[in-house]
Amino acid sequence: MSGIAVRGASEPGNGGRSRGGGGSWWVLVRAWVAGVAVLAGLAVPVTVATPAAAQTGTFAYVANFDDDTVSVIDTAGNTVVDTIAVGDRPRAVAVAPDGSRVYVANAGDLSLSVIDTTGNTVIDTITLGAVPFEVAVTPDGSSLYVTHAFNDTVSVIDTATNTVVDTITVGDNPIGVAVTPDGSRAYVTNTGDNTVSVIDIATNTVVDTITVGDNPIGVAVTPDGSRAYVTNTGDNTVSVIDIATNTVITTIPVGSQPVGVAVAPDGTRVYVTNAADDTVSVIDVAANAVIDTVPVGDNPQDVAATPDSSRVYVTNFNDDTVSVIDTTTNTVIDTITVGDSPLGVAIGTVEERIPTRLRLKAEKDKKGKDSKESKESKGRDGLKLIARLTAEGEPLEGETITFTTDTTTLCTVTTNDKGKATCKVRGQRDKDTCYTATFAGDDTYLPSTATFCKQHDHDKPDTRSGLPGQRDIHSPLLSQTGA
């Protein structure tokens, strides 16, 4: 859960860093609010930046609200190893279960940035209709749930297409969201009416509403799916929900203005950031009681634990740092300087995957006398696009290749035992056309792409490609992205 800056502690967007005196609780819910170069007589491939060397390991991804970036922290050495430019006012972060993607909610431009962790590059931007506050990924990685505090809804995004496929009306002023480990339910905190909406993921409908404490913000679910922990910023407590009955079974006093919450992956501890007193409360799950309080940086907001539960990372909004807590001793063992005004943090493991190479060529495809093409297209020769996918020099069989031109999908084909996939393109195209073959990658292999462009030259046929008036510009060194 990405924290909400609290007035009296800090207010993103106002430029101030001073901690004010007392005053009533207030939640910040305000909106802030490659092309192809074609030279004369020559088609040129899409220029693709050489990707950074693939990094493997466990990384913390931190959304820096005031400088529109995400800091990537290598948890092995607690160093910032990369900084990624994202959208305007990034505030929340979620990592796909397989570690291949990071999703960043940008409050300023109503979007989600999709980061490929292979090279730490933004590969897509999802446009939303309202200000995103929190984002959660389903355990199978197929869907994202995004809260919108201003219009009392949750957007559902299909990660295969990166499009919004559903919108769910929930309670007043929804902020936090968490999905159960079995992927059956999503829990959404509604800070405006002191409730939690329970969404049935199979139907994307609200099936229950639970009354909790004053101004609920953060929510996290235990690894066994038995409980949900909700931070109540207005009354300095944490509500513990029994997921089997959707009832509050106990309320735990914590520090001043609790915001972020995370459950350790081993299920033994819950960590709560207290924005107003610069501490983290450590809750014993078995006893549902605070067993320690850890001083951290100025105005702590969000919190995340490493997969082995040995470390906890806390964003400190007012001093541009991340505190690293050793969970054995409950002490801060490191402080990492990140970007300007860090809010959200999420941790994921990027597994080592095998680089792939995708080659693309085109051949003239003539239609014979038995062709069943329509009369309108009779006599028009087409293209046969041939892609070949290899890894470490060996062909990859049974992998999916998608052929596109501009934003249009032409074919989706599975590679044969030689690693080849063929797409036949019928009919005439615009004078200058580029075709792209894409392998999305999987848990074992890295993604790769290749692009082929053609340009009609009315006077000088190019016999090298066998296509009159066209040139095959395939250049694997320029067009591939997976090696």
# chains A, B, ... in the order shown; residues from 1 in each chain; ligands from 1
$ closest_atom_pairs --of "stretch 36-148 of chain A" --to "stretch 195-208 of chain A" --cutoff "10 Å" --atoms "only C-alpha atoms" --output "Markdown table"
| residue | atom | partner | partner_atom | distance |
| --- | --- | --- | --- | --- |
| A:Thr138 | CA | A:Ile201 | CA | 9.2 |
| A:Ser143 | CA | A:Ile201 | CA | 9.6 |
| A:Tyr145 | CA | A:Ile201 | CA | 9.7 |
$ select_by_dssp --residues "stretch 76-143 of chain A" --states "strand (DSSP E)" --output "VMD selection string"
chain A and resid 79 to 85 90 to 95 101 to 106 111 to 116 121 to 127 135 to 137 143
$ closest_residue --among "A:Cys423, A:Ala346, A:Ile123, A:Ile291" --to "A:Phe59" --atoms "only C-alpha atoms"
A:Ala346
$ residues_around --residues "stretch 61-73 of chain A" --least-positions-apart "2" --cutoff "8 Å" --atoms "only C-alpha atoms" --output "number ranges by chain"
A: 12-13, 59, 75, 78-93, 104, 315, 338-347
$ write_last_selection --atoms "C-alpha atoms" --output "CSV table (one decimal), in the first residue's frame"
chain,number,residue,atom,x,y,z
A,12,PRO,CA,2.8,16.6,-1.6
A,13,GLY,CA,2.5,19.3,-4.2
A,59,PHE,CA,14.7,-5.2,-5.9
A,75,THR,CA,18.3,-5.2,-1.7
A,78,ASN,CA,20.9,-1.5,-0.5
A,79,THR,CA,22.0,0.7,-3.3
A,80,VAL,CA,20.0,2.6,-6.0
A,81,VAL,CA,20.9,0.8,-9.2
A,82,ASP,CA,18.6,2.6,-11.6
A,83,THR,CA,16.2,5.5,-11.9
A,84,ILE,CA,13.2,5.3,-14.2
A,85,ALA,CA,11.2,8.2,-15.6
A,86,VAL,CA,7.5,7.5,-15.3
A,87,GLY,CA,4.3,9.6,-15.4
A,88,ASP,CA,3.3,12.7,-13.5
A,89,ARG,CA,3.1,12.4,-9.7
A,90,PRO,CA,3.8,8.7,-9.2
A,91,ARG,CA,2.4,7.5,-5.9
A,92,ALA,CA,1.8,3.7,-5.8
A,93,VAL,CA,3.7,0.7,-7.0
A,104,VAL,CA,3.2,2.6,-11.2
A,315,THR,CA,9.6,5.3,2.4
A,338,VAL,CA,16.2,8.1,-3.3
A,339,GLY,CA,14.2,10.6,-5.3
A,340,ASP,CA,12.1,13.6,-4.3
A,341,SER,CA,9.3,12.8,-1.9
A,342,PRO,CA,9.1,9.0,-2.0
A,343,LEU,CA,5.7,7.5,-1.4
A,344,GLY,CA,4.9,4.0,-2.7
A,345,VAL,CA,7.3,1.0,-2.4
A,346,ALA,CA,7.0,-2.6,-3.6
A,347,ILE,CA,9.5,-5.4,-3.7
$ atom_distance --atom1 "atom CA of A:Thr247" --atom2 "atom CA of A:Val303"
24.9 Å
$ residues_around --residues "A:Leu360" --least-positions-apart "3" --cutoff "8 Å" --atoms "only C-alpha atoms" --output "ChimeraX atom specification"
/A:385-388,436-437,450-452,474
$ write_last_selection --atoms "N, CA and C atoms" --output "short mmCIF file (atom, residue, chain, number, x, y, z; two decimals), in the first residue's frame"
data_model
loop_
_atom_site.label_atom_id
_atom_site.label_comp_id
_atom_site.auth_asym_id
_atom_site.auth_seq_id
_atom_site.Cartn_x
_atom_site.Cartn_y
_atom_site.Cartn_z
N LEU A 385 5.56 -12.86 -44.16
CA LEU A 385 6.51 -12.48 -43.11
C LEU A 385 6.97 -13.73 -42.38
N ILE A 386 8.27 -13.92 -42.30
CA ILE A 386 8.84 -15.11 -41.68
C ILE A 386 9.72 -14.69 -40.51
N ALA A 387 9.32 -15.09 -39.30
CA ALA A 387 10.11 -14.80 -38.10
C ALA A 387 10.78 -16.08 -37.62
N ARG A 388 11.97 -15.93 -37.08
CA ARG A 388 12.67 -17.09 -36.52
C ARG A 388 13.18 -16.73 -35.13
N THR A 436 6.27 -5.65 -37.54
CA THR A 436 7.02 -6.03 -36.34
C THR A 436 6.59 -7.42 -35.88
N ALA A 437 7.57 -8.23 -35.53
CA ALA A 437 7.32 -9.53 -34.90
C ALA A 437 7.75 -9.43 -33.45
N ALA A 450 11.57 -7.85 -33.58
CA ALA A 450 12.29 -7.51 -34.81
C ALA A 450 11.33 -6.74 -35.71
N THR A 451 11.85 -5.75 -36.44
CA THR A 451 11.02 -4.91 -37.29
C THR A 451 11.56 -4.88 -38.71
N PHE A 452 10.64 -4.97 -39.66
CA PHE A 452 10.96 -4.90 -41.09
C PHE A 452 10.16 -3.77 -41.70
N HIS A 474 16.03 -5.58 -42.63
CA HIS A 474 16.23 -6.32 -41.40
C HIS A 474 17.65 -6.15 -40.87
#
$ atom_distance --atom1 "atom CA of A:Asp319" --atom2 "atom CA of A:Asn299"
8.0 Å
$ atom_distance --atom1 "atom CA of A:Lys361" --atom2 "atom CA of A:Ile401"
13.7 Å
